[in-house]
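A.B. asks: File name model-v7.txt; file contents compact mmCIF, N, CA and C atoms; full text below.
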# COMPACT_ATOMS: atom_id res chain seq x y z
N MET I 16 -24.97 -7.71 -13.27
CA MET I 16 -24.24 -7.24 -12.11
C MET I 16 -23.15 -8.26 -11.77
N ASN I 17 -21.94 -7.78 -11.51
CA ASN I 17 -20.83 -8.67 -11.18
C ASN I 17 -20.84 -9.00 -9.69
N THR I 18 -20.45 -10.20 -9.36
CA THR I 18 -20.36 -10.61 -7.97
C THR I 18 -18.92 -10.45 -7.51
N ALA I 19 -18.72 -9.75 -6.40
CA ALA I 19 -17.36 -9.53 -5.90
C ALA I 19 -16.80 -10.81 -5.30
N LEU I 20 -15.58 -11.13 -5.66
CA LEU I 20 -14.88 -12.29 -5.12
C LEU I 20 -13.52 -11.81 -4.61
N ASN I 21 -13.30 -11.84 -3.32
CA ASN I 21 -12.03 -11.42 -2.74
C ASN I 21 -11.61 -10.03 -3.22
N GLY I 22 -12.54 -9.11 -3.28
CA GLY I 22 -12.21 -7.75 -3.67
C GLY I 22 -12.16 -7.52 -5.17
N HIS I 23 -12.43 -8.53 -5.96
CA HIS I 23 -12.38 -8.42 -7.41
C HIS I 23 -13.70 -8.91 -7.98
N THR I 24 -14.08 -8.41 -9.13
CA THR I 24 -15.30 -8.90 -9.76
C THR I 24 -14.97 -10.11 -10.62
N LYS I 25 -16.00 -10.87 -10.99
CA LYS I 25 -15.79 -12.03 -11.83
C LYS I 25 -15.21 -11.63 -13.19
N ASN I 26 -15.55 -10.45 -13.67
CA ASN I 26 -15.10 -10.02 -14.99
C ASN I 26 -13.76 -9.29 -14.96
N SER I 27 -13.21 -9.01 -13.80
CA SER I 27 -11.89 -8.35 -13.74
C SER I 27 -11.03 -9.08 -12.71
N PRO I 28 -10.23 -10.04 -13.18
CA PRO I 28 -9.42 -10.84 -12.27
C PRO I 28 -8.38 -9.99 -11.55
N PRO I 29 -7.88 -10.46 -10.41
CA PRO I 29 -6.88 -9.69 -9.67
C PRO I 29 -5.64 -9.44 -10.51
N ASN I 30 -5.06 -8.29 -10.34
CA ASN I 30 -3.84 -7.94 -11.06
C ASN I 30 -2.65 -8.25 -10.17
N LYS I 31 -2.18 -9.48 -10.22
CA LYS I 31 -1.09 -9.92 -9.35
C LYS I 31 0.20 -9.16 -9.62
N MET I 32 0.43 -8.77 -10.87
CA MET I 32 1.64 -8.02 -11.18
C MET I 32 1.64 -6.70 -10.43
N ASN I 33 0.49 -6.03 -10.38
CA ASN I 33 0.39 -4.76 -9.68
C ASN I 33 0.59 -4.95 -8.18
N GLU I 34 0.03 -6.01 -7.61
CA GLU I 34 0.22 -6.29 -6.19
C GLU I 34 1.68 -6.57 -5.91
N ALA I 35 2.35 -7.35 -6.77
CA ALA I 35 3.75 -7.67 -6.57
C ALA I 35 4.61 -6.43 -6.68
N HIS I 36 4.19 -5.47 -7.49
CA HIS I 36 4.94 -4.23 -7.64
C HIS I 36 5.12 -3.52 -6.30
N TRP I 37 4.09 -3.52 -5.47
CA TRP I 37 4.15 -2.81 -4.19
C TRP I 37 4.95 -3.57 -3.14
N ASN I 38 4.84 -4.89 -3.10
CA ASN I 38 5.48 -5.66 -2.04
C ASN I 38 6.98 -5.45 -2.03
N GLY I 39 7.51 -5.08 -0.85
CA GLY I 39 8.93 -4.83 -0.69
C GLY I 39 9.33 -3.39 -0.98
N SER I 40 8.40 -2.58 -1.46
CA SER I 40 8.71 -1.19 -1.80
C SER I 40 8.86 -0.34 -0.55
N ARG I 41 9.78 0.61 -0.61
CA ARG I 41 9.94 1.59 0.46
C ARG I 41 8.98 2.74 0.20
N VAL I 42 8.29 3.16 1.22
CA VAL I 42 7.31 4.24 1.11
C VAL I 42 7.43 5.18 2.30
N TYR I 43 6.80 6.34 2.16
CA TYR I 43 6.64 7.22 3.32
C TYR I 43 5.26 7.84 3.27
N PHE I 44 4.80 8.29 4.44
CA PHE I 44 3.52 8.96 4.57
C PHE I 44 3.61 9.88 5.78
N PHE I 45 2.61 10.69 5.98
CA PHE I 45 2.59 11.64 7.09
C PHE I 45 1.55 11.21 8.11
N ASP I 46 1.92 11.25 9.39
CA ASP I 46 0.97 10.90 10.44
C ASP I 46 0.12 12.12 10.81
N ARG I 47 -0.72 11.96 11.84
CA ARG I 47 -1.63 13.04 12.25
C ARG I 47 -0.92 14.33 12.63
N SER I 48 0.28 14.22 13.18
CA SER I 48 1.01 15.42 13.60
C SER I 48 1.97 15.90 12.52
N ASN I 49 1.76 15.42 11.29
CA ASN I 49 2.54 15.81 10.12
C ASN I 49 3.99 15.35 10.18
N LYS I 50 4.25 14.29 10.94
CA LYS I 50 5.57 13.69 11.00
C LYS I 50 5.71 12.68 9.85
N THR I 51 6.87 12.68 9.20
CA THR I 51 7.11 11.74 8.11
C THR I 51 7.42 10.37 8.69
N ILE I 52 6.68 9.36 8.24
CA ILE I 52 6.86 7.98 8.70
C ILE I 52 7.35 7.16 7.50
N TYR I 53 8.43 6.43 7.67
CA TYR I 53 9.00 5.59 6.62
C TYR I 53 8.69 4.13 6.91
N GLY I 54 8.54 3.34 5.86
CA GLY I 54 8.27 1.92 6.05
C GLY I 54 8.44 1.13 4.77
N THR I 55 8.14 -0.16 4.88
CA THR I 55 8.25 -1.09 3.76
C THR I 55 6.92 -1.81 3.60
N VAL I 56 6.44 -1.90 2.37
CA VAL I 56 5.19 -2.60 2.09
C VAL I 56 5.43 -4.11 2.23
N VAL I 57 4.65 -4.75 3.09
CA VAL I 57 4.79 -6.19 3.29
C VAL I 57 3.66 -6.99 2.64
N ASP I 58 2.57 -6.30 2.27
CA ASP I 58 1.46 -6.97 1.59
C ASP I 58 0.57 -5.91 0.96
N SER I 59 -0.16 -6.31 -0.06
CA SER I 59 -1.13 -5.40 -0.68
C SER I 59 -2.30 -6.21 -1.20
N ASN I 60 -3.46 -5.56 -1.24
CA ASN I 60 -4.65 -6.20 -1.79
C ASN I 60 -5.61 -5.12 -2.24
N THR I 61 -6.65 -5.52 -2.93
CA THR I 61 -7.65 -4.57 -3.40
C THR I 61 -8.98 -4.92 -2.77
N ARG I 62 -9.62 -3.92 -2.20
CA ARG I 62 -10.95 -4.07 -1.60
C ARG I 62 -11.85 -2.99 -2.17
N GLU I 63 -12.92 -3.40 -2.79
CA GLU I 63 -13.91 -2.47 -3.35
C GLU I 63 -13.25 -1.40 -4.21
N GLY I 64 -12.26 -1.80 -5.00
CA GLY I 64 -11.61 -0.89 -5.93
C GLY I 64 -10.49 -0.05 -5.33
N THR I 65 -10.20 -0.22 -4.05
CA THR I 65 -9.13 0.55 -3.40
C THR I 65 -7.96 -0.36 -3.08
N ARG I 66 -6.77 0.02 -3.54
CA ARG I 66 -5.55 -0.73 -3.23
C ARG I 66 -5.15 -0.41 -1.79
N LEU I 67 -5.11 -1.43 -0.93
CA LEU I 67 -4.69 -1.27 0.46
C LEU I 67 -3.30 -1.86 0.63
N LEU I 68 -2.44 -1.13 1.33
CA LEU I 68 -1.08 -1.58 1.58
C LEU I 68 -0.91 -1.87 3.06
N VAL I 69 -0.25 -2.97 3.38
CA VAL I 69 0.16 -3.26 4.75
C VAL I 69 1.62 -2.84 4.83
N ILE I 70 1.90 -1.89 5.71
CA ILE I 70 3.23 -1.27 5.80
C ILE I 70 3.82 -1.56 7.17
N ARG I 71 5.08 -2.03 7.17
CA ARG I 71 5.82 -2.17 8.43
C ARG I 71 6.69 -0.92 8.53
N THR I 72 6.41 -0.10 9.55
CA THR I 72 7.15 1.13 9.71
C THR I 72 8.54 0.84 10.27
N GLU I 73 9.42 1.84 10.21
CA GLU I 73 10.76 1.67 10.77
C GLU I 73 10.71 1.45 12.29
N ALA I 74 9.61 1.87 12.93
CA ALA I 74 9.44 1.64 14.36
C ALA I 74 8.92 0.23 14.66
N GLY I 75 8.63 -0.56 13.59
CA GLY I 75 8.19 -1.94 13.76
C GLY I 75 6.70 -2.15 13.80
N GLU I 76 5.91 -1.09 13.67
CA GLU I 76 4.46 -1.22 13.66
C GLU I 76 3.97 -1.63 12.28
N CYS I 77 2.88 -2.39 12.23
CA CYS I 77 2.23 -2.72 10.96
C CYS I 77 0.92 -1.95 10.88
N ILE I 78 0.74 -1.23 9.78
CA ILE I 78 -0.50 -0.49 9.57
C ILE I 78 -0.98 -0.72 8.15
N SER I 79 -2.27 -0.48 7.93
CA SER I 79 -2.85 -0.57 6.58
C SER I 79 -3.29 0.82 6.16
N LEU I 80 -2.90 1.19 4.94
CA LEU I 80 -3.28 2.48 4.38
C LEU I 80 -3.64 2.30 2.91
N PRO I 81 -4.50 3.17 2.38
CA PRO I 81 -4.74 3.14 0.94
C PRO I 81 -3.47 3.59 0.21
N ALA I 82 -3.20 2.98 -0.93
CA ALA I 82 -2.00 3.31 -1.70
C ALA I 82 -1.97 4.79 -2.06
N ALA I 83 -3.13 5.40 -2.27
CA ALA I 83 -3.18 6.82 -2.63
C ALA I 83 -2.64 7.72 -1.52
N GLY I 84 -2.54 7.20 -0.29
CA GLY I 84 -2.09 8.00 0.84
C GLY I 84 -0.62 7.88 1.15
N VAL I 85 0.14 7.13 0.34
CA VAL I 85 1.57 6.97 0.59
C VAL I 85 2.35 7.38 -0.65
N THR I 86 3.64 7.66 -0.44
CA THR I 86 4.52 8.02 -1.54
C THR I 86 5.60 6.96 -1.67
N LEU I 87 5.77 6.48 -2.89
CA LEU I 87 6.80 5.47 -3.19
C LEU I 87 8.16 6.15 -3.23
N ILE I 88 9.15 5.56 -2.56
CA ILE I 88 10.53 6.03 -2.61
C ILE I 88 11.21 5.21 -3.69
N SER I 89 11.43 5.83 -4.84
CA SER I 89 11.87 5.08 -6.01
C SER I 89 13.34 4.68 -5.97
N ASP I 90 14.21 5.48 -5.36
CA ASP I 90 15.64 5.16 -5.41
C ASP I 90 16.19 4.66 -4.09
N GLY I 91 15.31 4.37 -3.13
CA GLY I 91 15.75 3.85 -1.84
C GLY I 91 16.22 4.91 -0.87
N SER I 92 16.13 6.18 -1.25
CA SER I 92 16.56 7.25 -0.34
C SER I 92 15.36 7.99 0.19
N ALA I 93 15.57 8.75 1.23
CA ALA I 93 14.51 9.56 1.81
C ALA I 93 14.26 10.77 0.91
N PRO I 94 13.06 11.30 0.93
CA PRO I 94 12.77 12.49 0.14
C PRO I 94 13.55 13.69 0.68
N PRO I 95 13.74 14.72 -0.15
CA PRO I 95 14.49 15.90 0.32
C PRO I 95 13.77 16.61 1.43
Write out the structure in this file as structure tokens.
C.D. replies:
Amino acid sequence: MNTALNGHTKNSPPNKMNEAHWNGSRVYFFDRSNKTIYGTVVDSNTREGTRLLVIRTEAGECISLPAAGVTLISDGSAPP
């Protein structure tokens, strides 16, 4: 059995390249009322196999969401 260390097992070291990929990325997600919220990823980490992103929204709030719940804006523009 592997022992978890900072969200990673001893046999699978953290993937820093993957974490760096998210940092600084523009993303969007939908809030409870189905409003599109835009933001920038300021940090990311993995906990129990789930990539968590810390996002600073355009309104200035910082929130944490699983990466699976956000959409990456690849060209810097808003989605259609």
A.B. asks: To one decimal place, how far is CA of Gly75 (chain I) from atom N of Glu63 (chain I) in Å?
C.D. replies: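 According to the coordinates, CA of Gly75 (chain I) and atom N of Glu63 (chain I) are separated by 26.9 Å.
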A.B. asks: Give me, please, the distance in Å between CA of Lys50 (chain I) and CA of Gly64 (chain I), quoted to one decimal.
C.D. replies: 28.2 Å
A.B. asks: Please measure the separation of atom C of Glu73 (chain I) and atom C of Asn49 (chain I), giving the value in Å to one decimal.
C.D. replies: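 One can read the atom C of Glu73 (chain I) to atom C of Asn49 (chain I) distance as 15.6 Å.
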A.B. asks: Might you pull out every residue within 8 Å of Arg66 (chain I), with all atoms listed in the file counted and same-chain residues fewer than 2 positions away left off, and present them as an MDAnalysis selection string?
C.D. replies: chainID I and resid 59:64 68:69 80:83
A.B. asks: Neighbouring residues of Glu76 (chain I) were defined as those with any atom within 12 Å, considering only C-alpha atoms; residues of the same chain fewer than 6 positions away were excluded. Please report them as a list of chain:residue names.
C.D. replies: I:Ile52, I:Tyr53, I:Gly54, I:Thr55, I:Val56, I:Val57, I:Val69, I:Ile70
A.B. asks: Go through I:Asn38, I:Asp58, I:Tyr43, I:Ser48 one by one, measure the shortest atom-to-atom distance of each to Leu87 (chain I) using all atoms listed in the file, and give the residue with the smallest value.
C.D. replies: I:Tyr43
A.B. asks: Just asking: which residues within region 31-76 of chain I are strand (DSSP E) according to DSSP, as a ChimeraX atom specification?
C.D. replies: /I:41-45,51-62,65-72
A.B. asks: Counting only N, CA and C atoms, which of I:Thr86, I:Thr72, I:Leu67, I:Cys77 gets nearest to Val42 (chain I)?
C.D. replies: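 Among the listed residues, I:Thr86 lies closest to Val42 (chain I).
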